[in-house]
Every structure is written in structure tokens, then in C-alpha cells.
Amino acid sequence: MVALEVFTPNTNPLGRQWLSALLALLPILAMLITLGALRWKAHLAGLFSWGVALVVAIAAFKMPVVQALSTSAHGFIYGLFPIVWILLTAIWMYDVTVVSGRFEDLRRTFFLISDDPRVVGLVVAFCFGGLLEALAGYGAPVAITAAMLIAVGFSPLRSAIVALLANTVPVAFGAVGLPVLMAARTGGFEDVLAISPITGRITALLCIVVPFLLLWVMDGRRGLIECWPVGLVIAAAFGVTKWIVSSTSLYNLTELFAAVISVAVAIGFLRLWHPSGGAAARERIGVPIDSTVEKDFTPSPLDEGATPLTRQRILMALVPYLMVIVVFGLAAVPAVKRALASTDLTFRWPMLDGLMTVAGKPSAHQHFTFGWASTPGILLALVAILTGLVYRMSLAEVFGVLWKNMVKMRFAALTIGAVVALAYVMGDSGQTLALGMFIAGAGASYAFLAPVLGWIGTYVTGSDTSANILFSGLQSSVGSQIGPGSHLGVEDMRRLLVGSNAAGGVVGKMISPQSLTIAATAIGLSGSESVILRKVFGWSLVLLLLMCLLAGLMSTPVLSWLIP
């Protein structure tokens, strides 16, 4: 039967690795060109790029038509649940605060940290976003912080760009350390501490750069000149904490510690130092970046004559986010996490019985796991409902907000579904690994390119965890090949390459079509993905270049001392 036809991906179907890789690159180029250059709507670009991946899988990589269509359907459904579900519930939670009338109190509460919106933006996007990434992941940090930045007074596109750029360094240890854990397991390491310190140190060094880039995006040269001291303090606190915690048995709480400590240090520092130019900056950060896209946006000034903020009003304004921390913190407790995971429903996916991995093992996509309670969506939904009840809204009002967002997100759902379908068919047909095998042929200089695989994998799949599952085995194998003649030796080279893969993925996250759609939806400008991509793509390349330089030098006597 066709459904039982065995298919093992071939990573070099054309006999020449560069040619096979070139064909495998076509779906990625299709997405970049249609979305970035031709400015197609994201859902059309996603569907077209999936079509290109499907044709390449069937015609060049010889994947059976039925399996190519079935794995695409599997990916599309996974895109809807849990990814779209998490995005929907994150925005639902935020919109409940708006409909309830607590929105203005939240804005004014932010400015208790500092009267400078750029400082508030750093704390919200970089620190609080890091905390959300530590607890939830799956795009929820971008969705929530982008919406919060608009509340601070940033224009929508500026909010999206800042949220995406900030959601880089925390990603490798997000979702309670899952990406780096999977990197270690897939790379063949029994102890995750063989990998986590390397990933932690590379991303910790990146922390030195990202806060300053955020200040530049927020307010250009003035933002850097007027706010660099607090940027340096936050960068140092976050980076040093990552460096230390990622090398301990608490590696899975790296981002949680880094976020909390950096906020505490920043608040303490702001008692001693105050930036200048905050009032003038409020005007500039609300100026639209692209008036054709943000034509209906008018920044809302702070209501100076509003009811004075009391402790109770501040607490009520922060209720949703305090509940997020408490609920996700409880869900991260091992016993609770196991209990939630025990409710997962797993079943065989039709027509994929014969789908194998490159290693000849049954593909994980032969089964579909419906994690209705173990993914962040159900927790965010619970917070949304509880927030509405605390704010004395009726259940009809609360669910009315949900329905409104479901209608608003219909094209975003189609985009994400199409992009995940693309990722599945590229991965299962061998296209993604064909790209990886070509890059891995660089020989002794490969360490300088190792983060590129993580970058590509996260761009395609939208997940650093998935990129690590996809490429960590390959990275480990390349390390075994080039290690004997290197300065590091085999084991340390394997550790460096696998750790670099996990680190490289964090800067691919910001340009992933999934992330772009999440950001565009969160700021209420669905369809602006192409504009956002053009604004963040250059930053992604800059950060990738820095990461490649770090990883490469760590394979030489120059920086090999960074490897514990």
C-alpha cells in the first residue's frame, strides 16, 4: 500500500552536495523574496513557499506524493495547535486588560520604573521578555512584550522590531531549558552540562551587544548617548548571570535568574542615576516608522490628570503578569510538569507509517501529540479568564474578546500553518539536512560556520528546539571528523559545535516567518510582516556574524579558554 511505502530521506539526491543544497535553498529563497522583496501578504508568501518545498521534495528528493502531503498536513495542524493557540491566548490575555479599562493604569505603572520610555522599553522587552521566554516560549514573549511596548508609547512597528530583537539571547534556555537539553541529547551527550555552559557563554557575550542595539532601534543615536549607562548595567547583569547559572545544575532556570536579577540591578541603579531627555524621547518613539503601514496609529499621551495611582491600582494593573509568573512557575515544577504532560493525547498520523529519518529510524512525525494541558496556551487561557474575573468582567465579555481575536487572526493562523507545513516537508524530505551537509563540508574552518546551521534551522522551523533536534547530530559528527587535527581535540570540538548550533538558533528566531507573523498580529498590523522582515533582517545578520566569529575563535587558542 502507498501509505506503508518506506521513505528514507536522501540528503544528496543529485550526486553533488552543492547542487542538492541549492535546490533545498529554493523554498527559503522563495519566502525571503516574496515576503521581503515583493512584499506579498504573509499568508500568500507562506503558501507559495510551501508549494515550492513540496515540488522540490517530490521532484528532486523523490519523496512519495502521499507522504509529502500528509507531513504537510501534520505540520499545518501543529502550526495551529499549539503555536497559533499560544499566540491567540497571549493576545487574549492582553486584550482583556484593555477592554477592562486597566490599560492606562498599566502604562502609568511602567513609568514608575523610570520616567524615560527607553529605559522602560529595555526592562519590558529584554528583561521581562526574557522571563516570559524562560517560562513559556513558543512566541508568547514577542506577542506580550510587543503589545506592552505600545502601551508604553512606542509606535507599532518599533514595538515589533524591539520585541523581536530582544527575543534573541534568552531563546537557547527558553521553555525551562528545553532547546539546550535537546541539543545535548541529539548531539549524543548524556550530560547537558557538556553543552549548556558553551551556549550560555556565547549568548552571554551577545548580551553585551543586544541592549545597545535595542536603544538604537528605540531612539537612534540619542538613545545610545543618553541611556547607555543603564543599557550597560542591564547587559552586564543579564550576561554575567547567564554565564554563571548556565554552568550549574540549574541551567534550565538560566533565563529566569538572569531576568529577575537584571531587573533588580536596573531598579537599584536607577535610584542612583537618571537618564536625560526622557520627555523628548516620548515624542520620538511614537513617530511611525512607516506611515503607509501605521497610518491609523496615534500615540496616546499619558493622562496626567487621571486618578492617582495607589498601591491597589498598581497591583490590579500588574495582576495578569503576576499571574503569568505564578502560573508558569508552578507549571515548571517537575511534579506538576509531569502531571500536565501525562494528559497528552498521542495517536498515529495517517499515511506516514513508512516515513524514516536519515538514520533509518521511524520519524517522530509518524505520531501526533495533542498536548492540550502541557503547552503554554492552556495556561495563558487560564490567566486570561482569571484576569477577566478579577477585573469583574462577565464570562460573556471575556469570551467575546477571544472571539474577536479569533476573527482578527484568521490570516495569521493560515500563515503560521503554511510555514510549519513548509518546515515539515523540508525536514522530512531531506532538504534541510542537505543544506546542513553542504555547510558542514567547510573542513577545518567549519567552526566559524557552525552557528549558521542553527540560524537556518530556526528560520525554517521557527524553533531553536527543532533546529537543535535537526542539526545537533550532524554537528557532533562533524566535530568527530575535524576534531583530531584541531586545537581542541575531538570531545571539546563536538561540544563547541553542538553548543554553537543552539546559540546560532537564537538569532534566526527573530526573522522566522512564524515570529514575524506573531509580532505583526500582536501590534494589530497583520500583513506588515514584509516591512518588519526588512527592518530586522540586517540586525539578524550582524548578530550571526558576531556569533560565528566567537564560535570560530573558541576553536583556536585565542578564545579556547572560554570552553570549560
# chains A, B, ... in the order shown; residues from 1 in each chain; ligands from 1
call {"tool": "residues_around", "arguments": {"residues": "stretch 192-199 of chain A", "least_positions_apart": "3", "cutoff": "8 Å", "atoms": "only C-alpha atoms", "output": "PyMOL selection string"}}
result
chain A and resi 172+180-181+183-185+189+202-203+243+246-249+251+495-496+498-500+502-503+562-564
call {"tool": "write_last_selection", "arguments": {"atoms": "N, CA and C atoms", "output": "CSV table (one decimal), in the first residue's frame"}}
result
chain,number,residue,atom,x,y,z
A,172,ALA,N,17.8,30.3,23.7
A,172,ALA,CA,18.5,29.0,23.9
A,172,ALA,C,18.2,28.3,25.2
A,180,VAL,N,18.4,23.7,24.8
A,180,VAL,CA,19.8,23.2,25.1
A,180,VAL,C,19.8,21.8,25.5
A,181,LEU,N,18.7,21.4,26.2
A,181,LEU,CA,18.6,20.0,26.6
A,181,LEU,C,18.5,19.1,25.4
A,183,ALA,N,19.6,19.8,22.4
A,183,ALA,CA,20.8,19.9,21.7
A,183,ALA,C,21.8,18.8,22.3
A,184,ALA,N,21.9,18.7,23.6
A,184,ALA,CA,22.7,17.8,24.2
A,184,ALA,C,22.3,16.3,23.9
A,185,ARG,N,21.0,16.0,24.0
A,185,ARG,CA,20.6,14.7,23.8
A,185,ARG,C,20.8,14.2,22.3
A,189,PHE,N,25.2,13.5,23.9
A,189,PHE,CA,25.8,13.8,25.2
A,189,PHE,C,24.9,13.4,26.3
A,202,ILE,N,28.4,31.9,24.9
A,202,ILE,CA,28.3,32.6,23.7
A,202,ILE,C,27.1,33.6,23.7
A,203,THR,N,26.0,33.2,24.2
A,203,THR,CA,24.8,34.1,24.3
A,203,THR,C,25.0,35.2,25.4
A,243,TRP,N,26.1,33.5,32.3
A,243,TRP,CA,27.4,32.9,32.3
A,243,TRP,C,27.5,31.9,33.5
A,246,SER,N,24.3,29.0,33.7
A,246,SER,CA,24.2,28.0,32.6
A,246,SER,C,25.3,26.9,32.8
A,247,SER,N,26.2,27.2,33.7
A,247,SER,CA,27.3,26.2,34.0
A,247,SER,C,27.0,25.3,35.3
A,248,THR,N,25.7,25.5,35.8
A,248,THR,CA,25.4,24.8,37.0
A,248,THR,C,24.2,23.8,36.7
A,249,SER,N,23.8,23.0,37.7
A,249,SER,CA,22.7,22.1,37.6
A,249,SER,C,21.4,22.8,37.4
A,251,TYR,N,20.8,25.0,35.2
A,251,TYR,CA,20.9,25.6,33.8
A,251,TYR,C,19.5,25.9,33.2
A,495,ARG,N,31.6,19.4,21.5
A,495,ARG,CA,30.8,20.3,22.5
A,495,ARG,C,30.6,21.7,21.9
A,496,LEU,N,31.7,22.2,21.3
A,496,LEU,CA,31.7,23.6,20.8
A,496,LEU,C,30.6,23.7,19.6
A,498,VAL,N,28.1,21.7,18.8
A,498,VAL,CA,26.7,21.5,19.3
A,498,VAL,C,26.2,22.7,20.1
A,499,GLY,N,27.0,23.2,20.9
A,499,GLY,CA,26.6,24.4,21.7
A,499,GLY,C,26.5,25.6,20.8
A,500,SER,N,27.3,25.7,19.7
A,500,SER,CA,27.2,26.8,18.8
A,500,SER,C,25.9,26.7,18.0
A,502,ALA,N,23.0,25.6,19.1
A,502,ALA,CA,21.9,26.1,20.0
A,502,ALA,C,22.0,27.6,20.1
A,503,ALA,N,23.2,28.2,20.1
A,503,ALA,CA,23.4,29.6,20.2
A,503,ALA,C,23.0,30.3,18.9
A,562,LEU,N,37.5,29.9,26.8
A,562,LEU,CA,36.1,30.1,27.2
A,562,LEU,C,35.4,28.8,27.4
A,563,ILE,N,35.9,27.7,26.8
A,563,ILE,CA,35.3,26.4,26.9
A,563,ILE,C,35.7,25.7,28.3
A,564,PRO,N,34.7,25.5,29.2
A,564,PRO,CA,35.1,25.0,30.5
A,564,PRO,C,35.5,23.5,30.4
call {"tool": "residues_around", "arguments": {"residues": "A:Ser463", "least_positions_apart": "6", "cutoff": "10 Å", "atoms": "only C-alpha atoms", "output": "mmCIF file with N, CA and C atoms, in the first residue's frame"}}
result
data_model
loop_
_atom_site.group_PDB
_atom_site.id
_atom_site.type_symbol
_atom_site.label_atom_id
_atom_site.label_comp_id
_atom_site.auth_asym_id
_atom_site.auth_seq_id
_atom_site.Cartn_x
_atom_site.Cartn_y
_atom_site.Cartn_z
ATOM 1 N N GLY A 137 7.948 30.558 26.214
ATOM 2 C CA GLY A 137 8.458 30.346 24.869
ATOM 3 C C GLY A 137 7.327 30.306 23.858
ATOM 4 N N TYR A 138 7.541 29.624 22.741
ATOM 5 C CA TYR A 138 6.539 29.440 21.694
ATOM 6 C C TYR A 138 5.990 30.759 21.126
ATOM 7 N N GLY A 139 6.738 31.847 21.202
ATOM 8 C CA GLY A 139 6.255 33.098 20.633
ATOM 9 C C GLY A 139 5.493 33.987 21.589
ATOM 10 N N VAL A 171 16.544 32.780 24.103
ATOM 11 C CA VAL A 171 15.856 31.674 23.430
ATOM 12 C C VAL A 171 16.506 30.320 23.699
ATOM 13 N N ALA A 172 17.832 30.257 23.741
ATOM 14 C CA ALA A 172 18.517 28.960 23.885
ATOM 15 C C ALA A 172 18.175 28.255 25.193
ATOM 16 N N PRO A 179 15.508 23.862 24.690
ATOM 17 C CA PRO A 179 16.367 23.833 23.493
ATOM 18 C C PRO A 179 17.753 23.255 23.755
ATOM 19 N N GLY A 454 22.291 26.476 13.013
ATOM 20 C CA GLY A 454 21.240 26.785 13.974
ATOM 21 C C GLY A 454 20.373 27.929 13.494
ATOM 22 N N TRP A 455 20.992 28.919 12.866
ATOM 23 C CA TRP A 455 20.280 30.078 12.314
ATOM 24 C C TRP A 455 19.300 29.644 11.228
ATOM 25 N N GLY A 457 18.179 26.544 10.704
ATOM 26 C CA GLY A 457 17.174 25.637 11.267
ATOM 27 C C GLY A 457 16.067 26.367 11.985
ATOM 28 N N ILE A 469 17.261 19.665 17.382
ATOM 29 C CA ILE A 469 16.924 18.273 17.072
ATOM 30 C C ILE A 469 17.373 17.928 15.653
ATOM 31 N N GLY A 505 20.824 29.474 16.759
ATOM 32 C CA GLY A 505 19.379 29.496 16.550
ATOM 33 C C GLY A 505 18.690 30.719 17.109
ATOM 34 N N VAL A 506 19.286 31.339 18.133
ATOM 35 C CA VAL A 506 18.590 32.450 18.794
ATOM 36 C C VAL A 506 18.459 33.663 17.880
ATOM 37 N N GLY A 508 18.247 33.377 14.587
ATOM 38 C CA GLY A 508 17.359 33.003 13.488
ATOM 39 C C GLY A 508 15.902 33.177 13.879
ATOM 40 N N LYS A 509 15.647 33.174 15.195
ATOM 41 C CA LYS A 509 14.279 33.282 15.699
ATOM 42 C C LYS A 509 13.618 34.587 15.264
ATOM 43 N N SER A 512 12.307 34.423 11.653
ATOM 44 C CA SER A 512 11.435 33.316 11.298
ATOM 45 C C SER A 512 10.060 33.840 10.903
ATOM 46 N N GLN A 514 7.252 32.624 11.326
ATOM 47 C CA GLN A 514 6.332 32.476 12.456
ATOM 48 C C GLN A 514 6.435 33.665 13.395
ATOM 49 N N SER A 515 7.673 34.037 13.746
ATOM 50 C CA SER A 515 7.884 35.145 14.672
ATOM 51 C C SER A 515 7.392 36.459 14.075
#
call {"tool": "closest_atom_pairs", "arguments": {"of": "stretch 259-282 of chain A", "to": "stretch 149-162 of chain A", "cutoff": "12 Å", "atoms": "only C-alpha atoms", "output": "JSON lines"}}
result
{"residue": "A:Ala279", "atom": "CA", "partner": "A:Gly153", "partner_atom": "CA", "distance": 11.7}
{"residue": "A:Ala281", "atom": "CA", "partner": "A:Gly153", "partner_atom": "CA", "distance": 10.0}
{"residue": "A:Arg282", "atom": "CA", "partner": "A:Gly153", "partner_atom": "CA", "distance": 6.9}
call {"tool": "write_last_selection", "arguments": {"atoms": "N, CA and C atoms", "output": "mmCIF file, in the first residue's frame"}}
result
data_model
loop_
_atom_site.group_PDB
_atom_site.id
_atom_site.type_symbol
_atom_site.label_atom_id
_atom_site.label_comp_id
_atom_site.auth_asym_id
_atom_site.auth_seq_id
_atom_site.Cartn_x
_atom_site.Cartn_y
_atom_site.Cartn_z
ATOM 1 N N ALA A 279 11.602 63.098 28.334
ATOM 2 C CA ALA A 279 10.375 63.759 27.874
ATOM 3 C C ALA A 279 10.372 63.911 26.355
ATOM 4 N N ALA A 281 12.102 62.123 24.287
ATOM 5 C CA ALA A 281 12.090 60.784 23.686
ATOM 6 C C ALA A 281 10.673 60.244 23.551
ATOM 7 N N ARG A 282 9.784 60.607 24.478
ATOM 8 C CA ARG A 282 8.397 60.138 24.397
ATOM 9 C C ARG A 282 7.751 60.529 23.079
#
call {"tool": "residues_around", "arguments": {"residues": "A:Gly504", "least_positions_apart": "5", "cutoff": "8 Å", "atoms": "only C-alpha atoms", "output": "VMD selection string"}}
result
chain A and resid 450 to 455 544 547
call {"tool": "residues_around", "arguments": {"residues": "A:Gly485", "least_positions_apart": "4", "cutoff": "12 Å", "atoms": "only C-alpha atoms", "output": "list in words"}}
result
Gly443, Ala444, Ser445, Gly479, Ser480, Gln481, Gly489, Val490, Met493, Ser555 and Thr556 of chain A
call {"tool": "select_by_dssp", "arguments": {"residues": "stretch 300-530 of chain A", "states": "helix (DSSP H, G or I)", "output": "ChimeraX atom specification"}}
result
/A:311-331,334-341,364-366,376-390,395-408,410-429,431-448,450-461,464-482,490-511,513-522,529-530
call {"tool": "closest_atom_pairs", "arguments": {"of": "stretch 401-443 of chain A", "to": "stretch 377-396 of chain A", "cutoff": "12 Å", "atoms": "only C-alpha atoms", "output": "tab-separated table"}}
result
residue	atom	partner	partner_atom	distance
A:Val401	CA	A:Ala396	CA	8.7
A:Leu402	CA	A:Ala384	CA	9.3
A:Trp403	CA	A:Ala396	CA	10.3
call {"tool": "closest_residue", "arguments": {"among": "A:Ile439, A:Ala60, A:Val210, A:Ala335", "to": "A:Asn12", "atoms": "only C-alpha atoms"}}
result
A:Ala60
call {"tool": "select_by_dssp", "arguments": {"residues": "stretch 345-538 of chain A", "states": "strand (DSSP E)", "output": "PDB file with C-alpha atoms, in the first residue's frame"}}
result
ATOM      1  CA  LEU A 345      -3.012  12.503  23.694  1.00  0.00           C
ATOM      2  CA  THR A 346      -0.788  10.727  21.168  1.00  0.00           C
ATOM      3  CA  PHE A 347      -2.002   8.973  18.030  1.00  0.00           C
ATOM      4  CA  ARG A 348      -0.551   7.735  14.743  1.00  0.00           C
ATOM      5  CA  HIS A 367       2.775  10.311  15.582  1.00  0.00           C
ATOM      6  CA  PHE A 368       0.951  13.473  16.604  1.00  0.00           C
ATOM      7  CA  THR A 369       0.851  14.564  20.226  1.00  0.00           C
ATOM      8  CA  PHE A 370      -2.044  16.758  21.297  1.00  0.00           C
TER       9      PHE A 370
END
call {"tool": "closest_residue", "arguments": {"among": "A:Ala166, A:Ser49, A:Asp95, A:Glu226", "to": "A:Val536", "atoms": "only C-alpha atoms"}}
result
A:Ala166
call {"tool": "residues_around", "arguments": {"residues": "A:Phe537", "least_positions_apart": "4", "cutoff": "7 Å", "atoms": "only C-alpha atoms", "output": "number ranges by chain"}}
result
A: 511, 533, 541
call {"tool": "write_last_selection", "arguments": {"atoms": "N, CA and C atoms", "output": "short mmCIF file (atom, residue, chain, number, x, y, z; two decimals), in the first residue's frame"}}
result
data_model
loop_
_atom_site.label_atom_id
_atom_site.label_comp_id
_atom_site.auth_asym_id
_atom_site.auth_seq_id
_atom_site.Cartn_x
_atom_site.Cartn_y
_atom_site.Cartn_z
N ILE A 511 13.87 36.38 12.62
CA ILE A 511 13.46 36.52 11.22
C ILE A 511 12.59 35.37 10.76
N LEU A 533 10.27 42.29 8.41
CA LEU A 533 11.41 41.48 7.97
C LEU A 533 12.54 42.36 7.46
N LEU A 541 21.68 39.35 10.70
CA LEU A 541 22.96 39.02 10.07
C LEU A 541 24.14 39.54 10.89
#
call {"tool": "residues_around", "arguments": {"residues": "A:Arg494", "least_positions_apart": "5", "cutoff": "8 Å", "atoms": "only C-alpha atoms", "output": "list of chain:residue names"}}
result
A:Gln475, A:Ser476, A:Ser477, A:Val478, A:Gly479, A:Ser480, A:Gly483
call {"tool": "closest_residue", "arguments": {"among": "A:Cys207, A:Ala266, A:Val293, A:Met323", "to": "A:Ser530", "atoms": "only C-alpha atoms"}}
result
A:Val293
call {"tool": "atom_distance", "arguments": {"atom1": "atom CA of A:Thr186", "atom2": "atom CA of A:Asn468"}}
result
7.4 Å
call {"tool": "residues_around", "arguments": {"residues": "A:Lys404", "least_positions_apart": "6", "cutoff": "12 Å", "atoms": "only C-alpha atoms", "output": "compact mmCIF listing (two decimals) with N, CA and C atoms, in the first residue's frame"}}
result
# COMPACT_ATOMS: atom_id res chain seq x y z
N LEU A 88 -2.80 33.19 20.19
CA LEU A 88 -4.16 33.67 20.43
C LEU A 88 -4.41 33.94 21.91
N THR A 89 -4.01 33.02 22.77
CA THR A 89 -4.28 33.19 24.20
C THR A 89 -3.43 34.30 24.81
N ILE A 91 -2.50 37.09 23.25
CA ILE A 91 -3.15 38.35 22.86
C ILE A 91 -4.49 38.49 23.57
N TRP A 92 -5.17 37.39 23.77
CA TRP A 92 -6.44 37.40 24.50
C TRP A 92 -6.23 37.95 25.91
N ASP A 95 -5.61 41.70 25.69
CA ASP A 95 -6.79 42.49 25.31
C ASP A 95 -7.83 42.55 26.42
N VAL A 96 -7.85 41.55 27.27
CA VAL A 96 -8.76 41.61 28.42
C VAL A 96 -8.42 42.81 29.29
N VAL A 99 -9.86 45.94 27.39
CA VAL A 99 -11.32 46.03 27.45
C VAL A 99 -11.80 46.35 28.87
N GLU A 397 -18.24 38.67 28.30
CA GLU A 397 -17.31 39.71 27.84
C GLU A 397 -15.93 39.13 27.59
N VAL A 398 -15.49 38.28 28.50
CA VAL A 398 -14.15 37.70 28.37
C VAL A 398 -14.06 36.86 27.10
N ARG A 410 -7.33 35.18 11.63
CA ARG A 410 -7.54 34.09 10.68
C ARG A 410 -6.42 33.98 9.64
call {"tool": "closest_residue", "arguments": {"among": "A:Leu272, A:Val240, A:Leu256, A:Ala413", "to": "A:Phe128", "atoms": "only C-alpha atoms"}}
result
A:Leu256
